[in-house]
Amino acid sequence: MNVRLVIPVSEEKGVDSQLSQHFGRAPFYAIIDLDDKGQVIGQGTIANTSEHFGGVGLPPDRILQLRPKALVTYGLGSKALKMFQDASVAVLRTEANTVKEVVNAYNNNELQELTQGCHHAHHQ
């Protein structure tokens with residue numbers, strides 16, 4: 001079964017993209033599709049057009065339209081976390097620097113489920 005991951009990133013460089021420090025203020029979100037062996041079979045990037053960037057709505061609204069299995073991030077606020085949990089989308093915490101590292105950590109079951117939101121999602 002294929003898996004779709006969405007990851008907040010600061011640039012559009014595919015699996016070499018650096019993760020964004022802030023979920024809601026990430027300029028872009030990487031969309032990574034994995035096959036049942038964990039291999040990348042599709043990738044793309046969408047711009048963050050939320051209210052933080054002069055658009056409307058919240059990043060979770062846009063991401064939920066992509067139907068991800070999981071969101072992988074350093075952290076996010078409690079409101080966004082609840083929106084994903086209510087939609088049955090796993091929110092996984094990472095310490096990775098690039099999308100490629102996130103994919104490797106996901107395939108090795110090294111990501112922890114995020115259970116609490118934070119006021120500021122900073123990479124520690």
# chains A, B, ... in the order shown; residues from 1 in each chain; ligands from 1
$ select_by_dssp --residues "segment 1-98 of chain A" --states "alpha helix (DSSP H)" --output "ChimeraX atom specification"
/A:59-64,78-86
$ write_last_selection --atoms "N, CA and C atoms" --output "PDB file, in the first residue's frame"
ATOM      1  N   PRO A  59      -2.692  26.208   7.120  1.00  0.00           N
ATOM      2  CA  PRO A  59      -1.971  25.139   6.432  1.00  0.00           C
ATOM      3  C   PRO A  59      -2.626  23.758   6.554  1.00  0.00           C
ATOM      4  N   PRO A  60      -3.193  23.372   7.721  1.00  0.00           N
ATOM      5  CA  PRO A  60      -3.800  22.038   7.771  1.00  0.00           C
ATOM      6  C   PRO A  60      -4.913  21.843   6.745  1.00  0.00           C
ATOM      7  N   ASP A  61      -5.697  22.889   6.476  1.00  0.00           N
ATOM      8  CA  ASP A  61      -6.770  22.762   5.487  1.00  0.00           C
ATOM      9  C   ASP A  61      -6.208  22.357   4.133  1.00  0.00           C
ATOM     10  N   ARG A  62      -5.151  23.020   3.726  1.00  0.00           N
ATOM     11  CA  ARG A  62      -4.531  22.750   2.415  1.00  0.00           C
ATOM     12  C   ARG A  62      -3.915  21.346   2.395  1.00  0.00           C
ATOM     13  N   ILE A  63      -3.253  20.993   3.459  1.00  0.00           N
ATOM     14  CA  ILE A  63      -2.579  19.694   3.510  1.00  0.00           C
ATOM     15  C   ILE A  63      -3.578  18.545   3.535  1.00  0.00           C
ATOM     16  N   LEU A  64      -4.673  18.707   4.251  1.00  0.00           N
ATOM     17  CA  LEU A  64      -5.675  17.639   4.307  1.00  0.00           C
ATOM     18  C   LEU A  64      -6.262  17.338   2.930  1.00  0.00           C
ATOM     19  N   SER A  78      -1.071  23.361  18.867  1.00  0.00           N
ATOM     20  CA  SER A  78      -2.090  22.411  19.312  1.00  0.00           C
ATOM     21  C   SER A  78      -3.342  22.447  18.432  1.00  0.00           C
ATOM     22  N   LYS A  79      -3.710  23.590  17.889  1.00  0.00           N
ATOM     23  CA  LYS A  79      -4.890  23.678  17.017  1.00  0.00           C
ATOM     24  C   LYS A  79      -4.678  22.853  15.741  1.00  0.00           C
ATOM     25  N   ALA A  80      -3.514  23.032  15.120  1.00  0.00           N
ATOM     26  CA  ALA A  80      -3.198  22.273  13.911  1.00  0.00           C
ATOM     27  C   ALA A  80      -3.095  20.780  14.220  1.00  0.00           C
ATOM     28  N   LEU A  81      -2.458  20.439  15.338  1.00  0.00           N
ATOM     29  CA  LEU A  81      -2.331  19.036  15.729  1.00  0.00           C
ATOM     30  C   LEU A  81      -3.703  18.391  15.851  1.00  0.00           C
ATOM     31  N   LYS A  82      -4.630  19.068  16.500  1.00  0.00           N
ATOM     32  CA  LYS A  82      -5.974  18.522  16.669  1.00  0.00           C
ATOM     33  C   LYS A  82      -6.681  18.350  15.325  1.00  0.00           C
ATOM     34  N   MET A  83      -6.485  19.296  14.400  1.00  0.00           N
ATOM     35  CA  MET A  83      -7.107  19.177  13.077  1.00  0.00           C
ATOM     36  C   MET A  83      -6.624  17.912  12.363  1.00  0.00           C
ATOM     37  N   PHE A  84      -5.325  17.643  12.435  1.00  0.00           N
ATOM     38  CA  PHE A  84      -4.794  16.439  11.800  1.00  0.00           C
ATOM     39  C   PHE A  84      -5.275  15.181  12.513  1.00  0.00           C
ATOM     40  N   GLN A  85      -5.246  15.186  13.846  1.00  0.00           N
ATOM     41  CA  GLN A  85      -5.706  14.022  14.600  1.00  0.00           C
ATOM     42  C   GLN A  85      -7.175  13.728  14.294  1.00  0.00           C
ATOM     43  N   ASP A  86      -8.006  14.759  14.228  1.00  0.00           N
ATOM     44  CA  ASP A  86      -9.427  14.576  13.932  1.00  0.00           C
ATOM     45  C   ASP A  86      -9.643  13.998  12.538  1.00  0.00           C
TER      46      ASP A  86
END
$ residues_around --residues "Gly14 of chain A" --least-positions-apart "5" --cutoff "10 Å" --atoms "only C-alpha atoms" --output "PyMOL selection string"
chain A and resi 9+30-32+42-45+98-100
$ closest_residue --among "A:Leu76, A:Ile46, A:Leu34, A:Val40" --to "Glu11 of chain A" --atoms "only C-alpha atoms"
A:Ile46
$ closest_residue --among "A:Thr94, A:Thr49, A:Ser17, A:Asn104" --to "Val72 of chain A" --atoms "only C-alpha atoms"
A:Thr94
$ residues_around --residues "Glu113 of chain A" --least-positions-apart "2" --cutoff "9 Å" --atoms "only C-alpha atoms" --output "ChimeraX atom specification"
/A:90-93,111,115
$ atom_distance --atom1 "atom CA of Ile7 of chain A" --atom2 "atom CA of Tyr74 of chain A"
9.6 Å
$ closest_residue --among "A:Asn109, A:Asn2, A:Ser10, A:Thr73" --to "Gln39 of chain A" --atoms "only C-alpha atoms"
A:Asn2
